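> This is the structure I have questions about; it appears just below.
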Amino acid sequence: MTEGFTIRQANSRIIATIDGLPAGGQTGARPFIIPVFIPMSGCPHRCAFCNQTAITGVKPHAISPSAVTRAIDTYLPFVRDRGRSVQIAFYGGNFLGLPEQHLHDLLAIATAHVTCGDVTSIRFSTRPDTITESRLAAIRDFPVHTIELGVQSMDDRVLAHANRGHNAQCTVNAARMVASAGYALGLQMMTGLPGDTPRSALRTARELVSLAPDFVRIYPTLVLRQSRLAEAFRTGMYLPASLHETIAIVSRLFLVFAAAHIPVIRMGLQADEALAAPGAILAGPYHPAFGERVHSHLFYRLAEAALAQAPRGAHALNIRVHPRHLSRMIGTSRENLTRLKAYFHLENLSIQADTGVTPHHLEVDIAPPPIALN
Ligand code: SF4
């Protein structure tokens with residue numbers, strides 16, 4: 001058995017699955033999100049890797065309650081499915097770190113939109129060290145459904161290099177408080193921060209699993225302009241991970257969460273105009289479809305694990321996947337197919353779509369060598 005995958009043989013077929021992944025995938029019925037960016041508002045200081053303006057294109061300013069209404073008016077017409085839940089999301093800063101009155105004003109206007117039925121509930125992201133009993137008490141009477149914690153790492157050395165200003169134990173305490181107060185808990189982790197290694201990233205993932213979040217997000221570290229990391233990069237003190245290395249480690253992290261039935265709702269920063277603007281990203285493993293690249297790599301590894309079980313000398317192998325996953329399996333520019341053929345020295349390897357195959361599974365048909373006739 002290969003870690004994260006289950007491979008079994010039935011007659012002349014090999015069936016390979018990703019452990020813990022439901023047939024429908026991890027996405028489930030996701031809420032429609034109306035984002036309200038509060039770039040670096042409420043932050044006690046700037047973390048080494050952060051420049052929210054480069055990510056969102058929004059300059060730091062105190063967001064007004066009327067901006068919440070404007071965001072709702074802008075996004076609401078795009079909700080096609082009237083039965084889908086809609087959440088106002090305060091992102092890009094440290095929501096619970098906002099001054100008390102400002103926090104109250106934003107929650108009050110968001111609540112008014114919940115009361116009139118425009119939206120279903122509120123979510124926000126915040127730092128672990130702003131989760132206290134008194135801060136949670138301050139939001140208790142508002143319809144907040146989900147709280148996301150920017151964890152980044154569970155390695156205290158990595159947190160110190162990133163100038164986070166809190167340690168891993170703080171995250172453990174915060175996660176427990178959020179969950180026991182009845183909120184849905186999201187945890188965000190990063191890879192490739194200064195001092196981070198694949199081993200410490202995997203340890204972080206396992207420790208996050210033990211906190212039983214409702215979902216996680218994984219963000220590879222990018223060197224954003226005007227961040228402290230940009231300075232370290234310029235002086236050669238920090239070298240970002242390559243795209244290839246990052247896809248490999250994020251795939252392994254995905255498997256850790258999948259095996260624990262924890263949805264990974266995002267891998268990589270959302271591609272948008274601000275990020276794509278020249279000079280926004282100085283270096284780092286950015287790809288506009290990063291999550292897709294990770295899924296494609298997972299299919300490569302799943303196929304590799306399955307083909308390793310094929311009998312030597314098999315004449316022809318045919319991989320079948322659900323039609324939804326055909327392009328992931330083949331890979332960009334047929335990369336996966338080419339690599340598999342080269343790795344296993346296979347002339348006759350094909351990939352086919354088959355509606356009979358469960359999504360996130362693959363099946364390999366094995367044709368035995370032809371019988372030589374004299
Ligand atoms: S990473 Fe989060 S807490 Fe740190 S400066 Fe950026 S928005 Fe603030």
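The chains in the structure tokens are called A, B, ... from first to last as shown; in each chain the residues are counted from 1, and the ligands are counted from 1 in the order shown.
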Please run DSSP on the backbone and report, as a PyMOL selection string, all residues within range 43-181 of chain A that come out as strand (DSSP E).

chain A and resi 86-91+121-126+144-152

> Keeping only C-alpha atoms, write those residues as a JSON list (two decimals), in the first residue's frame.


```json
[["chain", "number", "residue", "atom", "x", "y", "z"],
["A", 86, "VAL", "CA", -24.61, 33.17, 1.02],
["A", 87, "GLN", "CA", -21.97, 34.44, 3.44],
["A", 88, "ILE", "CA", -20.44, 37.89, 3.93],
["A", 89, "ALA", "CA", -16.73, 37.23, 4.46],
["A", 90, "PHE", "CA", -14.31, 39.69, 6.05],
["A", 91, "TYR", "CA", -10.90, 38.73, 4.70],
["A", 121, "SER", "CA", -24.46, 34.35, 7.74],
["A", 122, "ILE", "CA", -21.07, 35.95, 8.39],
["A", 123, "ARG", "CA", -17.53, 34.56, 8.28],
["A", 124, "PHE", "CA", -14.15, 36.11, 8.86],
["A", 125, "SER", "CA", -10.46, 35.31, 9.16],
["A", 126, "THR", "CA", -8.40, 36.36, 12.15],
["A", 144, "VAL", "CA", -21.29, 34.57, 12.63],
["A", 145, "HIS", "CA", -21.09, 31.02, 11.28],
["A", 146, "THR", "CA", -17.42, 30.46, 10.40],
["A", 147, "ILE", "CA", -14.10, 31.61, 11.84],
["A", 148, "GLU", "CA", -10.86, 31.00, 9.95],
["A", 149, "LEU", "CA", -7.55, 31.13, 11.77],
["A", 150, "GLY", "CA", -4.34, 32.09, 10.00],
["A", 151, "VAL", "CA", -2.16, 29.36, 11.46],
["A", 152, "GLN", "CA", 0.59, 29.37, 8.82]]
```

> Please extract the residues at most 6 Å from ligand 1, counting only C-alpha atoms and all ligand atoms, and provide them as a list in words, using the chain letters and residue numbers of this document.

Met40, Cys43, His45, Arg46, Cys47, Cys50, Gly92, Gly93, Asn94 and Arg127 of chain A

> Please identify all polymer residues within 12 Å of range 204-212 of chain A, counting only C-alpha atoms, omitting same-chain residues fewer than 3 positions from it, and present them as a ChimeraX atom specification.

/A:149-156,158-159,168-169,171-180,184-191,196-201,215-218,249-264

> Please return, as a PyMOL selection string, all residues of range 27-191 of chain A that DSSP assigns to alpha helix (DSSP H) on the basis of the backbone.

chain A and resi 52-56+65-75+100-115+133-139+156-161+168-180

> Suppose we keep C-alpha atoms; can you now write the selection as a compact mmCIF listing (two decimals), in the first residue's frame?


```txt
# COMPACT_ATOMS: atom_id res chain seq x y z
CA GLN A 52 -2.47 42.25 1.30
CA THR A 53 -2.53 45.14 -1.17
CA ALA A 54 -0.46 43.08 -3.62
CA ILE A 55 -2.90 40.16 -3.17
CA THR A 56 -6.21 41.99 -3.28
CA PRO A 65 -20.24 49.85 6.91
CA SER A 66 -21.52 51.27 3.60
CA ALA A 67 -18.73 49.36 1.81
CA VAL A 68 -20.31 46.15 3.15
CA THR A 69 -23.63 47.10 1.57
CA ARG A 70 -21.87 48.00 -1.71
CA ALA A 71 -20.13 44.59 -1.77
CA ILE A 72 -23.48 42.85 -1.23
CA ASP A 73 -25.16 44.90 -3.97
CA THR A 74 -22.29 44.04 -6.35
CA TYR A 75 -22.15 40.30 -5.71
CA GLU A 100 -14.42 47.41 19.36
CA GLN A 101 -16.71 50.07 17.84
CA HIS A 102 -15.54 49.39 14.27
CA LEU A 103 -16.00 45.64 14.75
CA HIS A 104 -19.48 46.25 16.10
CA ASP A 105 -20.44 48.60 13.21
CA LEU A 106 -19.33 46.11 10.53
CA LEU A 107 -21.09 43.20 12.22
CA ALA A 108 -24.24 45.29 12.71
CA ILE A 109 -24.54 46.17 9.01
CA ALA A 110 -23.77 42.59 7.98
CA THR A 111 -26.39 41.37 10.45
CA ALA A 112 -28.98 43.74 8.95
CA HIS A 113 -28.43 42.01 5.59
CA VAL A 114 -28.84 38.62 7.25
CA THR A 115 -32.04 39.74 8.96
CA GLU A 133 -13.10 34.62 25.69
CA SER A 134 -13.89 38.35 25.73
CA ARG A 135 -13.47 38.75 21.93
CA LEU A 136 -15.71 35.77 21.33
CA ALA A 137 -18.24 37.24 23.77
CA ALA A 138 -18.20 40.48 21.72
CA ILE A 139 -19.46 38.66 18.61
CA ASP A 156 7.54 27.87 16.55
CA ARG A 157 10.82 28.52 14.73
CA VAL A 158 9.01 29.10 11.44
CA LEU A 159 6.45 31.35 13.18
CA ALA A 160 9.28 33.43 14.70
CA HIS A 161 11.04 33.81 11.30
CA ALA A 168 1.76 27.04 17.99
CA GLN A 169 0.21 26.56 21.44
CA CYS A 170 -1.70 29.79 20.89
CA THR A 171 -3.26 28.23 17.76
CA VAL A 172 -4.20 25.08 19.68
CA ASN A 173 -5.96 27.16 22.36
CA ALA A 174 -7.69 29.38 19.78
CA ALA A 175 -8.93 26.45 17.69
CA ARG A 176 -10.40 24.77 20.76
CA MET A 177 -12.14 27.97 21.86
CA VAL A 178 -13.62 28.57 18.39
CA ALA A 179 -14.89 25.01 18.11
CA SER A 180 -16.30 24.85 21.62
```

> Rank nothing, just name the residue among A:Gly356, A:Gly331, A:Pro311, A:Gly192 nearest to Phe299 in chain A, using only C-alpha atoms.

A:Gly331

> Which is closest to Thr17 in chain A among A:Pro323, A:Pro359, A:Gly97, A:Pro143, if we use only C-alpha atoms?

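Selected residue with least distance to Thr17 in chain A: A:Pro359.
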